[in-house]
Amino acid sequence: MSLTSPPKGWYHKQVSKDEKMWVVIALVLCIVLFFWMIAWHVYGNQNPSNTTYRIEPREYVKLTEEFTKKHMIGIDKGIPVVMPEPNKDAFMLGEQWRWSPVLVLKKGEWYNIHLSSKDVLHGWSLQPPNMNFMVFPGYDYVLRFRPTEKGDFRVLCNEFCGIGHHQMIGRIIVIEDESELQEYGFESKPSSVSEAADAVTEEASESASEAELAAAGEQLYALKGCSACHSLDGRKLVAPTWKGVFGSEEEVRDENGNYVKVTVDEAYIRESILEPEKKKVKGYENIPMVITPLSDEEINQLIAFIKTVK
Amino acid sequence: MFRTCDITGFKVDLKAQTLIRLNAVFAVVSLLVAIIAALLLVFTRYQPIHLLDTEMYYRLITFHGINALVFWIIFFEVAGLYFGSTVVLNNRLCSTPMAWVSFALMVVGMLMTDAIILMGKADVGLTSYVPLKAHPLFYLGIILFAVGALIAVILFFGNILIAKRDGLVKGSLPLFTYGLLAAAIIAFISISSGALAYIPAFLWSAGFIEHYDPAAYKLMWWGLGHGSQQINVTAMIAIWYLTANLSVGGTSINERVSRTAFFLYILFICLAAAHHILTDPALSSAWKVWNTSYAMYLAVLASLIHAFAVPSAIESAQRRWGFNKGLFDWLTKAPWGNPAFSSVVLAIIGFGFIGGITGVIYGMEQTNIIVHNTLAIVGHFKGTVVIGTTLTFMGVTYYLIPLIFRRKIVAFKLAKIQPWMFFFGIAILAISMIVLGQFGMPRRHWDATFSGGPFGYEFNPAVDFFWGLMLVGGVLAFLGALVWILIVVVSVFFGPKVAGPEDMQLKISPLAPEKENKKGGYEAPGTLALVAIFFVTFVILFALNWKWLAATWMVG
């Protein structure tokens with residue numbers, strides 16, 4: 001009796017036939033479910049991996065940058081495009097709010113895909129196959145993937161990661177043959193791109209022309225993650241677009257909270273990269289900008305690039 | 001100070017009654033604000049309307065989650081714990097001042113947290129995964145609320161002890177109170193885990209701690225986040241047994257089996273926090289498989305036992321009342337005009353078929369890959385915590401209004417329809433979410449067209465239909481909940497007073513007559529047929545999900 005103490009002898013009452021049957025069926029079901037998961041590790045092809053490393057987020061960013069520079073074959077919407085070698089490591093970085101790089105994989109080959117984050121938790125969600133894994137800052141999650149179909153895939157973010165969460169969408173392309181790269185507008189090993197990528201690291205010579213500086217700046221824009229927040233085509237993201245920004249006049253909030261007009265020139269851009277909180281563009285006052293460690297040379301390259309974005 | 005109830009004959013401690021009332025009132029207030037937020041959220045995710053802006057969407061998703069999943073449920077459970085350990089045992093509250101302290105802490109905690117969220121200082125979602133940072137008072141508010149709830153749980157244990165000491169309980173506890181005891185023990189474990197998550201988070205947010213490992217936080221947080229859902233499940237099932245007793249005079253056909261099932265919950269159900277960590281780095285497959293399966297599914301076994309025991313309690317009683325024709329005469333001739341009864345039956349169906357089946361399948365280590373963080377997960381827990389727990393709590397309130405608040409239920413005809421509105425609303429909403437999730441639709445996502453993102457993505461065109469269906473379900477569920485709130489508020493504050501048993505609109509059934517002692521035969525063949533249907537449904541959905549998983553890329 002639910003509301004009163006049970007009657008005498010309740011503990012020794014015989015279990016009815018139908019209830020006994022159901023308990024046995026239920027118990028068998030439970031045992032099957034348990035061993036099913038273990039069996040799938042042996043016979044199944046989809047299992048969350050057991051390989052994880054602890055890593056400082058900045059170390060992981062460095063690893064991704066090195067990997068990206070080595071295998072880069074182009075740039076897509078400001079995100080580097082990379083074709084890793086089969087059976088080797090490939091890196092993907094989640095940050096507020098982009099996945100990078102774009103990976104070009106080959107159907108039927110295995111890849112050790114590393115996933116980690118620079119800042120907060122992200123959800124790596126491959127569509128349309130619909131496979132979902134968590135991405136943590138400080139943990140390098142290594143998943144051994146083998147694409148079973150070719151096509152153009154997307155990586156969504158499905159763990160809430162801040163105000164730009166819905167803009168965080170990356171790309172994975174699966175091909176069967178390198179000739180298919182052209183359909184996507186890439187070449188397998190365009191020398192110009194990899195050379196330009198090298199230029200990013202090397203001290204540019206003093207005689208570097210403005211065009212060379214700008215080309216290196218474009219690489220930096222993709223590599224350093226500027227593209228997560230600044231668009232090149234006027235799309236309004238969480239930070240001002242770079243389209244036509246150089247030489248324009250913007251209303252900004254200075255440190256005292258007053259709104260003043262400034263002209264976007266080299267000095268203003270340099271200051272905004274180094275001390276972004278000093279003068280915030282109206283409409284973006286409450287969005288913190290990530291301070292990205294850049295050398296003087298790299299800042300010059302970025303400025304040269306911004307000048308060309310019209 | 002006691003009054004003797006002229007309807008049930010129970011001795012009611014007036015101080016306990018006051019606190020039951022107050023906690024119940026705050027539960028209803030929390031539910032009201034939660035469903036208003038829910039309606040705005042549904043209208044935002046429906047892309048053609050896309051009501052709220054980005055910031056407001058994530059703000060209200062935090063607000064909705066915490067009010068619906070924490071404040072509404074726990075205020076109601078505290079009312080239930082006091083009811084089950086005083087009124088049902090003819091007992092007094094062991095410490096009235098501490099009950100007031102508990103209540104005050106919970107109210108202050110709730111107001112503090114809600115205020116901080118609405119001020120825009122905590123747009124972090126209910127889970128508030130570090131390193132997303134909220135204002136320190138957000139964490140402090142939740143900590144205060146949890147401390148208040150913990151005091152109430154301790155008072156519940158105290159009440160049981162003095163009832164035993166004073167000889168008010170002879171022999172075993174009533175099954176209802178036994179179930180609540182299991183819920184209280186699970187609450188104790190969950191809230192302790194919550195303290196381990198939130199206290200460092202508070203210190204980290206306030207600047208006293210430099211670094212807080214995100215994986216450690218997530219593990220501890222789900223000890224609370226999932227554990228608290230297990231409190232709901234256990235309390236809800238206790239209420240199912242209670243309602244079977246009140247509405248048709250039914251009792252578990254074998255209390256040893258039912259009690260064993262509750263005991264299995266205490267031992268194993270808290271392991272289920274692992275469901276949320278299956279596709280995370282940092283933990284091994286062995287850890288995941290053992291924990292996500294509640295140690296070889298022994299807590300699922302418990303749920304399956306209740307899935308038979310509760311309907312069979314109703315069936316067996318109905319048969320003894322003479323509704324003995326065929327397999328389902330007992331069900332068709334059941335007291336459907338009693339909204340508490342219909343709520344509980346609908347809750348059992350929704351909990352089992354929508355929430356339970358998806359819960360077990362999605363909680364398996366590998367199948368979680370195809371649903372983790374998609375809308376399917378939200379659909380799953382709409383089935384468990386909204387149709388299951390919330391509808392059960394709504395249903396039992398139809399008994400609490402006359403018995404505890406001593407008021408007649410106004411608009412009783414509407415009250416008879418209300419459970420059906422809410423059930424169908426949430427069922428349509430939940431099933432739409434499950435389908436959308438299986439198409440890969442992310443949860444907690446402001447814009448599924450990815451406006452402003454570097455790339456676009458078009459989901460399967462079928463999603464448009466299910467977004468529309470989800471809106472319909474959401475609106476219907478909102479109306480169902482609103483009708484319930486209006487009935488409760490108007491009845492409690494303005495309803496005609498209950499003068500005696502003649503004013504009871506809901507029947508309180510005497511115990512069903514004993515039947516001649518047939519040893520070990522079939523007691524509930526209709527229930528056996530129903531659980532067989534459930535079993536087949538489970539197997540079909542199980543096979544489908546594993547088929548979908550096997551069609552994805554290989555990963556290991």
# chains A, B, ... in the order shown; residues from 1 in each chain; ligands from 1

$ residues_around --residues "segment 37-43 of chain B" --least-positions-apart "6" --cutoff "6 Å" --atoms "only C-alpha atoms" --output "PDB file with C-alpha atoms, in the first residue's frame"
ATOM      1  CA  LEU B  51      11.807  36.274 -32.708  1.00  0.00           C
ATOM      2  CA  LEU B  60      16.580  33.125 -22.069  1.00  0.00           C
ATOM      3  CA  HIS B  64      14.482  28.743 -19.042  1.00  0.00           C
TER       4      HIS B  64
END

$ select_by_dssp --residues "segment 186-288 of chain B" --states "helix (DSSP H, G or I)" --output "ChimeraX atom specification"
/B:186-205,214-225,227-248,255-277,285-288

$ residues_around --residues "segment 120-127 of chain A" --least-positions-apart "3" --cutoff "8 Å" --atoms "only C-alpha atoms" --output "ChimeraX atom specification"
/A:94-96,117,130-137,153-161 /B:129-132,214,373,440

$ write_last_selection --atoms "C-alpha atoms" --output "mmCIF file, in the first residue's frame"
data_model
loop_
_atom_site.group_PDB
_atom_site.id
_atom_site.type_symbol
_atom_site.label_atom_id
_atom_site.label_comp_id
_atom_site.auth_asym_id
_atom_site.auth_seq_id
_atom_site.Cartn_x
_atom_site.Cartn_y
_atom_site.Cartn_z
ATOM 1 C CA GLY A 94 38.205 25.237 -32.543
ATOM 2 C CA GLU A 95 38.169 28.839 -31.414
ATOM 3 C CA GLN A 96 35.603 31.585 -30.940
ATOM 4 C CA SER A 117 40.221 24.336 -28.560
ATOM 5 C CA ASN A 130 26.043 13.465 -38.202
ATOM 6 C CA MET A 131 29.009 12.566 -36.019
ATOM 7 C CA ASN A 132 29.536 14.614 -32.886
ATOM 8 C CA PHE A 133 32.526 14.939 -30.563
ATOM 9 C CA MET A 134 33.443 17.344 -27.791
ATOM 10 C CA VAL A 135 36.392 19.693 -28.067
ATOM 11 C CA PHE A 136 38.067 20.934 -24.886
ATOM 12 C CA PRO A 137 40.771 23.513 -24.331
ATOM 13 C CA PHE A 153 30.952 18.367 -45.653
ATOM 14 C CA ARG A 154 30.440 20.874 -42.902
ATOM 15 C CA VAL A 155 31.609 21.022 -39.326
ATOM 16 C CA LEU A 156 29.088 22.827 -37.129
ATOM 17 C CA CYS A 157 29.625 23.872 -33.545
ATOM 18 C CA ASN A 158 27.002 22.334 -31.303
ATOM 19 C CA GLU A 159 28.314 23.309 -27.898
ATOM 20 C CA PHE A 160 27.326 26.847 -26.909
ATOM 21 C CA CYS A 161 30.531 28.903 -27.081
ATOM 22 C CA TYR B 129 30.770 24.999 -18.735
ATOM 23 C CA VAL B 130 34.034 26.625 -17.694
ATOM 24 C CA PRO B 131 35.898 28.469 -19.098
ATOM 25 C CA LEU B 132 32.748 30.341 -20.180
ATOM 26 C CA PRO B 214 37.029 22.158 -17.918
ATOM 27 C CA ASN B 373 24.434 17.896 -28.438
ATOM 28 C CA GLY B 440 22.017 16.654 -37.082
#

$ interface_residues --of "chain B" --to "chain A" --cutoff "6 Å" --atoms "only C-alpha atoms" --output "ChimeraX atom specification"
/B:131,172-176,241-242,251,256,279-282,284,296-297,366,369-370,372-373,440,442,447,450,452-454,520-522,552-556

$ write_last_selection --atoms "C-alpha atoms" --output "PDB file, in the first residue's frame"
ATOM      1  CA  PRO B 131      35.898  28.469 -19.098  1.00  0.00           C
ATOM      2  CA  SER B 172       8.278  -0.772   6.974  1.00  0.00           C
ATOM      3  CA  LEU B 173       7.701   2.708   5.570  1.00  0.00           C
ATOM      4  CA  PRO B 174       4.755   3.141   3.211  1.00  0.00           C
ATOM      5  CA  LEU B 175       5.898   2.528  -0.376  1.00  0.00           C
ATOM      6  CA  PHE B 176       5.316   6.185  -1.317  1.00  0.00           C
ATOM      7  CA  TYR B 241       2.321   4.503  -6.836  1.00  0.00           C
ATOM      8  CA  LEU B 242       0.573   7.130  -4.698  1.00  0.00           C
ATOM      9  CA  THR B 251      -1.151  -1.145  -4.636  1.00  0.00           C
ATOM     10  CA  ARG B 256       9.257  -6.581  -2.515  1.00  0.00           C
ATOM     11  CA  THR B 279      32.107  11.772 -26.729  1.00  0.00           C
ATOM     12  CA  ASP B 280      34.529  13.739 -24.556  1.00  0.00           C
ATOM     13  CA  PRO B 281      38.268  13.369 -24.399  1.00  0.00           C
ATOM     14  CA  ALA B 282      39.937  12.447 -21.105  1.00  0.00           C
ATOM     15  CA  SER B 284      38.553   5.710 -21.272  1.00  0.00           C
ATOM     16  CA  MET B 296      25.316  -3.371 -16.488  1.00  0.00           C
ATOM     17  CA  TYR B 297      22.018  -1.492 -16.708  1.00  0.00           C
ATOM     18  CA  GLN B 366      28.687   4.546 -29.547  1.00  0.00           C
ATOM     19  CA  ILE B 369      28.088   9.870 -31.429  1.00  0.00           C
ATOM     20  CA  ILE B 370      25.096  10.482 -33.717  1.00  0.00           C
ATOM     21  CA  HIS B 372      25.370  14.217 -28.804  1.00  0.00           C
ATOM     22  CA  ASN B 373      24.434  17.896 -28.438  1.00  0.00           C
ATOM     23  CA  GLY B 440      22.017  16.654 -37.082  1.00  0.00           C
ATOM     24  CA  PRO B 442      22.331  21.340 -33.052  1.00  0.00           C
ATOM     25  CA  ASP B 447      20.494  30.365 -36.237  1.00  0.00           C
ATOM     26  CA  PHE B 450      24.499  30.049 -40.022  1.00  0.00           C
ATOM     27  CA  GLY B 452      27.365  35.460 -41.188  1.00  0.00           C
ATOM     28  CA  GLY B 453      29.354  32.241 -41.151  1.00  0.00           C
ATOM     29  CA  PRO B 454      31.949  31.547 -43.832  1.00  0.00           C
ATOM     30  CA  GLY B 520       1.527 -17.371  -8.574  1.00  0.00           C
ATOM     31  CA  GLY B 521      -0.898 -17.004 -11.492  1.00  0.00           C
ATOM     32  CA  TYR B 522      -1.194 -14.119 -13.963  1.00  0.00           C
ATOM     33  CA  THR B 552      28.603   7.051 -40.762  1.00  0.00           C
ATOM     34  CA  TRP B 553      32.341   7.339 -41.313  1.00  0.00           C
ATOM     35  CA  MET B 554      34.593   4.909 -39.540  1.00  0.00           C
ATOM     36  CA  VAL B 555      36.118   6.249 -36.376  1.00  0.00           C
ATOM     37  CA  GLY B 556      38.112   4.672 -33.602  1.00  0.00           C
TER      38      GLY B 556
END

$ residues_around --residues "Ser102 of chain B" --least-positions-apart "2" --cutoff "8 Å" --atoms "only C-alpha atoms" --output "PyMOL selection string"
chain B and resi 98-100+104-106+147-152

$ residues_around --residues "Gly225 of chain B" --least-positions-apart "6" --cutoff "12 Å" --atoms "only C-alpha atoms" --output "PyMOL selection string"
chain B and resi 65-66+69-70+126-129+187+189-195+197-198+217-219+231-232+270-276+381

$ write_last_selection --atoms "C-alpha atoms" --output "compact mmCIF listing (two decimals), in the first residue's frame"
# COMPACT_ATOMS: atom_id res chain seq x y z
CA GLY B 65 16.81 25.87 -18.21
CA ILE B 66 17.49 26.88 -14.67
CA LEU B 69 14.93 22.11 -14.55
CA VAL B 70 16.10 23.35 -11.15
CA LEU B 126 22.33 26.08 -17.69
CA THR B 127 25.48 23.98 -17.82
CA SER B 128 27.79 27.04 -17.56
CA TYR B 129 30.77 25.00 -18.74
CA ALA B 187 19.37 14.14 -3.89
CA ILE B 189 24.57 12.51 -3.57
CA SER B 190 23.67 14.83 -6.46
CA ILE B 191 23.76 18.03 -4.47
CA SER B 192 27.15 17.08 -3.01
CA SER B 193 28.46 16.61 -6.53
CA GLY B 194 26.97 20.01 -7.41
CA ALA B 195 28.91 21.60 -4.56
CA ALA B 197 31.34 21.74 -9.33
CA TYR B 198 29.94 25.11 -8.27
CA TYR B 217 34.05 20.74 -14.03
CA LYS B 218 31.94 18.93 -16.61
CA LEU B 219 32.25 15.61 -14.79
CA ILE B 231 15.72 12.58 -8.08
CA ASN B 232 12.88 13.54 -10.39
CA CYS B 270 23.89 8.20 -10.17
CA LEU B 271 26.42 6.57 -12.52
CA ALA B 272 24.32 7.88 -15.39
CA ALA B 273 26.13 11.23 -15.23
CA ALA B 274 28.47 9.47 -17.67
CA HIS B 275 25.84 9.83 -20.44
CA HIS B 276 27.05 13.39 -20.93
CA PHE B 381 14.56 14.90 -21.82

$ atom_distance --atom1 "atom CA of Gly120 of chain B" --atom2 "atom CA of Asn286 of chain A"
11.8 Å

$ residues_around --residues "Trp240 of chain B" --least-positions-apart "4" --cutoff "12 Å" --atoms "only C-alpha atoms" --output "mmCIF file with N, CA and C atoms, in the first residue's frame"
data_model
loop_
_atom_site.group_PDB
_atom_site.id
_atom_site.type_symbol
_atom_site.label_atom_id
_atom_site.label_comp_id
_atom_site.auth_asym_id
_atom_site.auth_seq_id
_atom_site.Cartn_x
_atom_site.Cartn_y
_atom_site.Cartn_z
ATOM 1 N N SER A 2 0.656 2.091 -0.940
ATOM 2 C CA SER A 2 1.577 3.198 -1.100
ATOM 3 C C SER A 2 1.505 4.173 0.059
ATOM 4 N N LEU A 3 0.346 4.275 0.687
ATOM 5 C CA LEU A 3 0.169 5.312 1.714
ATOM 6 C C LEU A 3 0.265 4.768 3.127
ATOM 7 N N LEU B 175 5.136 2.568 0.879
ATOM 8 C CA LEU B 175 5.898 2.528 -0.376
ATOM 9 C C LEU B 175 6.169 3.929 -0.933
ATOM 10 N N PHE B 176 5.166 4.811 -0.832
ATOM 11 C CA PHE B 176 5.316 6.185 -1.317
ATOM 12 C C PHE B 176 6.478 6.867 -0.592
ATOM 13 N N GLY B 179 9.831 5.385 -1.538
ATOM 14 C CA GLY B 179 10.303 5.935 -2.813
ATOM 15 C C GLY B 179 10.909 7.318 -2.616
ATOM 16 N N LEU B 180 10.248 8.141 -1.796
ATOM 17 C CA LEU B 180 10.783 9.478 -1.534
ATOM 18 C C LEU B 180 12.112 9.392 -0.792
ATOM 19 N N VAL B 233 13.014 11.340 -11.348
ATOM 20 C CA VAL B 233 12.472 10.048 -11.752
ATOM 21 C C VAL B 233 11.961 9.303 -10.528
ATOM 22 N N THR B 234 12.772 9.279 -9.487
ATOM 23 C CA THR B 234 12.418 8.496 -8.306
ATOM 24 C C THR B 234 11.199 9.082 -7.607
ATOM 25 N N ALA B 235 11.184 10.419 -7.458
ATOM 26 C CA ALA B 235 10.034 11.060 -6.819
ATOM 27 C C ALA B 235 8.773 10.856 -7.659
ATOM 28 N N MET B 236 8.952 10.960 -8.981
ATOM 29 C CA MET B 236 7.825 10.794 -9.893
ATOM 30 C C MET B 236 7.222 9.392 -9.774
ATOM 31 N N ALA B 244 -1.948 5.663 -8.042
ATOM 32 C CA ALA B 244 -2.655 4.393 -8.239
ATOM 33 C C ALA B 244 -3.465 4.062 -6.994
ATOM 34 N N ASN B 245 -2.871 4.329 -5.855
ATOM 35 C CA ASN B 245 -3.544 4.077 -4.591
ATOM 36 C C ASN B 245 -4.756 4.990 -4.410
ATOM 37 N N LEU B 246 -4.557 6.307 -4.628
ATOM 38 C CA LEU B 246 -5.643 7.266 -4.385
ATOM 39 C C LEU B 246 -6.779 7.110 -5.392
ATOM 40 N N SER B 247 -6.446 6.851 -6.670
ATOM 41 C CA SER B 247 -7.488 6.930 -7.689
ATOM 42 C C SER B 247 -8.272 5.632 -7.848
ATOM 43 N N VAL B 248 -7.604 4.465 -7.737
ATOM 44 C CA VAL B 248 -8.354 3.215 -7.900
ATOM 45 C C VAL B 248 -8.140 2.245 -6.744
ATOM 46 N N GLY B 250 -5.300 0.966 -5.866
ATOM 47 C CA GLY B 250 -4.353 -0.054 -6.296
ATOM 48 C C GLY B 250 -3.048 0.027 -5.537
ATOM 49 N N THR B 251 -2.464 -1.126 -5.262
ATOM 50 C CA THR B 251 -1.151 -1.145 -4.636
ATOM 51 C C THR B 251 -0.266 -2.079 -5.444
ATOM 52 N N SER B 252 1.028 -1.884 -5.309
ATOM 53 C CA SER B 252 1.967 -2.734 -6.043
ATOM 54 C C SER B 252 1.611 -4.196 -5.817
ATOM 55 N N SER B 258 8.877 -3.948 -6.086
ATOM 56 C CA SER B 258 8.923 -2.486 -6.250
ATOM 57 C C SER B 258 10.014 -1.871 -5.387
ATOM 58 N N HIS B 306 9.510 -0.979 -12.602
ATOM 59 C CA HIS B 306 8.427 -0.034 -12.295
ATOM 60 C C HIS B 306 7.450 0.062 -13.466
ATOM 61 N N ALA B 307 7.977 -0.030 -14.686
ATOM 62 C CA ALA B 307 7.115 0.074 -15.863
ATOM 63 C C ALA B 307 6.066 -1.032 -15.862
ATOM 64 N N PHE B 308 6.368 -2.139 -15.209
ATOM 65 C CA PHE B 308 5.359 -3.184 -15.057
ATOM 66 C C PHE B 308 4.568 -2.987 -13.763
ATOM 67 N N ALA B 309 5.282 -2.648 -12.710
ATOM 68 C CA ALA B 309 4.664 -2.644 -11.375
ATOM 69 C C ALA B 309 3.586 -1.570 -11.235
ATOM 70 N N VAL B 310 3.804 -0.395 -11.817
ATOM 71 C CA VAL B 310 2.805 0.670 -11.636
ATOM 72 C C VAL B 310 1.520 0.367 -12.421
ATOM 73 N N PRO B 311 1.591 0.100 -13.733
ATOM 74 C CA PRO B 311 0.343 -0.226 -14.437
ATOM 75 C C PRO B 311 -0.332 -1.476 -13.870
ATOM 76 N N SER B 312 0.476 -2.471 -13.437
ATOM 77 C CA SER B 312 -0.152 -3.689 -12.923
ATOM 78 C C SER B 312 -0.848 -3.420 -11.591
ATOM 79 N N ALA B 313 -0.359 -2.432 -10.830
ATOM 80 C CA ALA B 313 -1.061 -2.063 -9.596
ATOM 81 C C ALA B 313 -2.456 -1.549 -9.942
ATOM 82 N N ILE B 314 -2.532 -0.747 -11.016
ATOM 83 C CA ILE B 314 -3.829 -0.209 -11.451
ATOM 84 C C ILE B 314 -4.692 -1.339 -11.993
ATOM 85 N N ALA B 340 -5.854 13.696 -12.082
ATOM 86 C CA ALA B 340 -4.614 13.161 -11.504
ATOM 87 C C ALA B 340 -4.320 11.805 -12.124
ATOM 88 N N PHE B 341 -5.363 11.005 -12.274
ATOM 89 C CA PHE B 341 -5.176 9.685 -12.869
ATOM 90 C C PHE B 341 -4.724 9.794 -14.323
ATOM 91 N N SER B 342 -5.447 10.627 -15.108
ATOM 92 C CA SER B 342 -5.073 10.713 -16.525
ATOM 93 C C SER B 342 -3.668 11.289 -16.678
ATOM 94 N N SER B 343 -3.298 12.253 -15.820
ATOM 95 C CA SER B 343 -1.931 12.797 -15.890
ATOM 96 C C SER B 343 -0.908 11.702 -15.706
ATOM 97 N N VAL B 344 -1.141 10.862 -14.694
ATOM 98 C CA VAL B 344 -0.142 9.840 -14.391
ATOM 99 C C VAL B 344 -0.058 8.811 -15.512
ATOM 100 N N VAL B 345 -1.200 8.386 -16.051
ATOM 101 C CA VAL B 345 -1.147 7.402 -17.133
ATOM 102 C C VAL B 345 -0.413 7.991 -18.349
ATOM 103 N N LEU B 346 -0.742 9.258 -18.693
ATOM 104 C CA LEU B 346 -0.062 9.886 -19.831
ATOM 105 C C LEU B 346 1.420 10.063 -19.551
ATOM 106 N N ALA B 347 1.743 10.394 -18.297
ATOM 107 C CA ALA B 347 3.150 10.566 -17.927
ATOM 108 C C ALA B 347 3.906 9.249 -18.095
ATOM 109 N N ILE B 348 3.261 8.140 -17.708
ATOM 110 C CA ILE B 348 3.924 6.836 -17.839
ATOM 111 C C ILE B 348 4.196 6.540 -19.315
ATOM 112 N N PHE B 351 6.881 9.075 -20.620
ATOM 113 C CA PHE B 351 8.183 8.804 -20.023
ATOM 114 C C PHE B 351 8.789 7.550 -20.636
ATOM 115 N N GLY B 388 7.163 13.220 -18.241
ATOM 116 C CA GLY B 388 7.227 12.362 -17.064
ATOM 117 C C GLY B 388 7.034 13.145 -15.775
ATOM 118 N N THR B 389 8.068 13.860 -15.372
ATOM 119 C CA THR B 389 8.054 14.488 -14.048
ATOM 120 C C THR B 389 7.042 15.624 -13.949
ATOM 121 N N LEU B 391 4.405 16.542 -15.753
ATOM 122 C CA LEU B 391 2.986 16.183 -15.855
ATOM 123 C C LEU B 391 2.539 15.406 -14.608
ATOM 124 N N THR B 392 3.418 14.578 -14.061
ATOM 125 C CA THR B 392 3.096 13.863 -12.821
ATOM 126 C C THR B 392 2.869 14.849 -11.674
ATOM 127 N N PHE B 393 3.773 15.819 -11.567
ATOM 128 C CA PHE B 393 3.636 16.814 -10.500
ATOM 129 C C PHE B 393 2.344 17.624 -10.694
ATOM 130 N N GLY B 395 -0.341 16.549 -12.114
ATOM 131 C CA GLY B 395 -1.468 15.676 -11.797
ATOM 132 C C GLY B 395 -1.697 15.561 -10.300
ATOM 133 N N VAL B 396 -0.628 15.342 -9.543
ATOM 134 C CA VAL B 396 -0.811 15.125 -8.109
ATOM 135 C C VAL B 396 -1.258 16.411 -7.423
#

$ select_by_dssp --residues "segment 2-86 of chain A" --states "strand (DSSP E or B)" --output "PyMOL selection string"
chain A and resi 46+51-54+72-76+79-82

$ residues_around --residues "Ser188 of chain A" --least-positions-apart "4" --cutoff "12 Å" --atoms "only C-alpha atoms" --output "compact mmCIF listing (two decimals) with N, CA and C atoms, in the first residue's frame"
# COMPACT_ATOMS: atom_id res chain seq x y z
N HIS A 71 51.08 21.88 -45.06
CA HIS A 71 50.23 21.17 -46.02
C HIS A 71 49.20 22.07 -46.72
N MET A 72 49.41 23.39 -46.61
CA MET A 72 48.39 24.31 -47.12
C MET A 72 48.32 24.28 -48.64
N ILE A 73 47.10 24.22 -49.17
CA ILE A 73 46.97 24.28 -50.63
C ILE A 73 46.11 25.44 -51.09
N GLY A 74 45.63 26.25 -50.17
CA GLY A 74 44.84 27.40 -50.59
C GLY A 74 44.15 28.05 -49.41
N VAL A 81 43.27 26.11 -46.34
CA VAL A 81 42.82 24.80 -46.80
C VAL A 81 44.04 23.89 -46.80
N VAL A 82 43.86 22.71 -46.23
CA VAL A 82 45.01 21.86 -45.97
C VAL A 82 44.71 20.45 -46.44
N MET A 83 45.70 19.82 -47.10
CA MET A 83 45.51 18.44 -47.52
C MET A 83 46.53 17.57 -46.79
N PRO A 84 46.13 16.95 -45.69
CA PRO A 84 47.08 16.13 -44.93
C PRO A 84 47.36 14.82 -45.64
N GLU A 85 48.46 14.18 -45.25
CA GLU A 85 48.78 12.88 -45.83
C GLU A 85 48.00 11.80 -45.11
N VAL A 104 41.14 18.67 -46.53
CA VAL A 104 40.82 17.91 -47.74
C VAL A 104 41.30 16.48 -47.51
N LEU A 105 40.38 15.54 -47.46
CA LEU A 105 40.73 14.15 -47.15
C LEU A 105 40.44 13.28 -48.35
N ILE A 175 37.68 13.76 -51.28
CA ILE A 175 37.84 13.49 -52.71
C ILE A 175 38.32 12.06 -52.90
N ASP A 177 40.13 11.45 -55.98
CA ASP A 177 41.32 11.64 -56.79
C ASP A 177 41.69 13.11 -56.77
N GLU A 178 42.99 13.41 -56.86
CA GLU A 178 43.42 14.81 -56.75
C GLU A 178 42.89 15.68 -57.87
N SER A 179 42.49 15.04 -58.96
CA SER A 179 41.95 15.85 -60.06
C SER A 179 40.64 16.53 -59.66
N GLU A 180 39.97 15.98 -58.66
CA GLU A 180 38.70 16.59 -58.23
C GLU A 180 38.90 17.91 -57.50
N LEU A 181 40.17 18.17 -57.10
CA LEU A 181 40.42 19.40 -56.36
C LEU A 181 39.98 20.63 -57.13
N GLN A 182 40.15 20.57 -58.46
CA GLN A 182 39.82 21.75 -59.27
C GLN A 182 38.34 22.12 -59.18
N GLU A 183 37.49 21.09 -59.03
CA GLU A 183 36.06 21.39 -58.88
C GLU A 183 35.82 22.32 -57.69
N TYR A 184 36.68 22.20 -56.70
CA TYR A 184 36.53 23.04 -55.52
C TYR A 184 37.38 24.30 -55.59
N SER A 192 52.87 28.79 -55.33
CA SER A 192 52.77 30.18 -54.86
C SER A 192 52.25 30.22 -53.43
N VAL A 193 51.27 29.38 -53.15
CA VAL A 193 50.66 29.43 -51.82
C VAL A 193 51.64 29.00 -50.75
N SER A 194 52.32 27.86 -50.99
CA SER A 194 53.21 27.39 -49.94
C SER A 194 54.39 28.33 -49.75
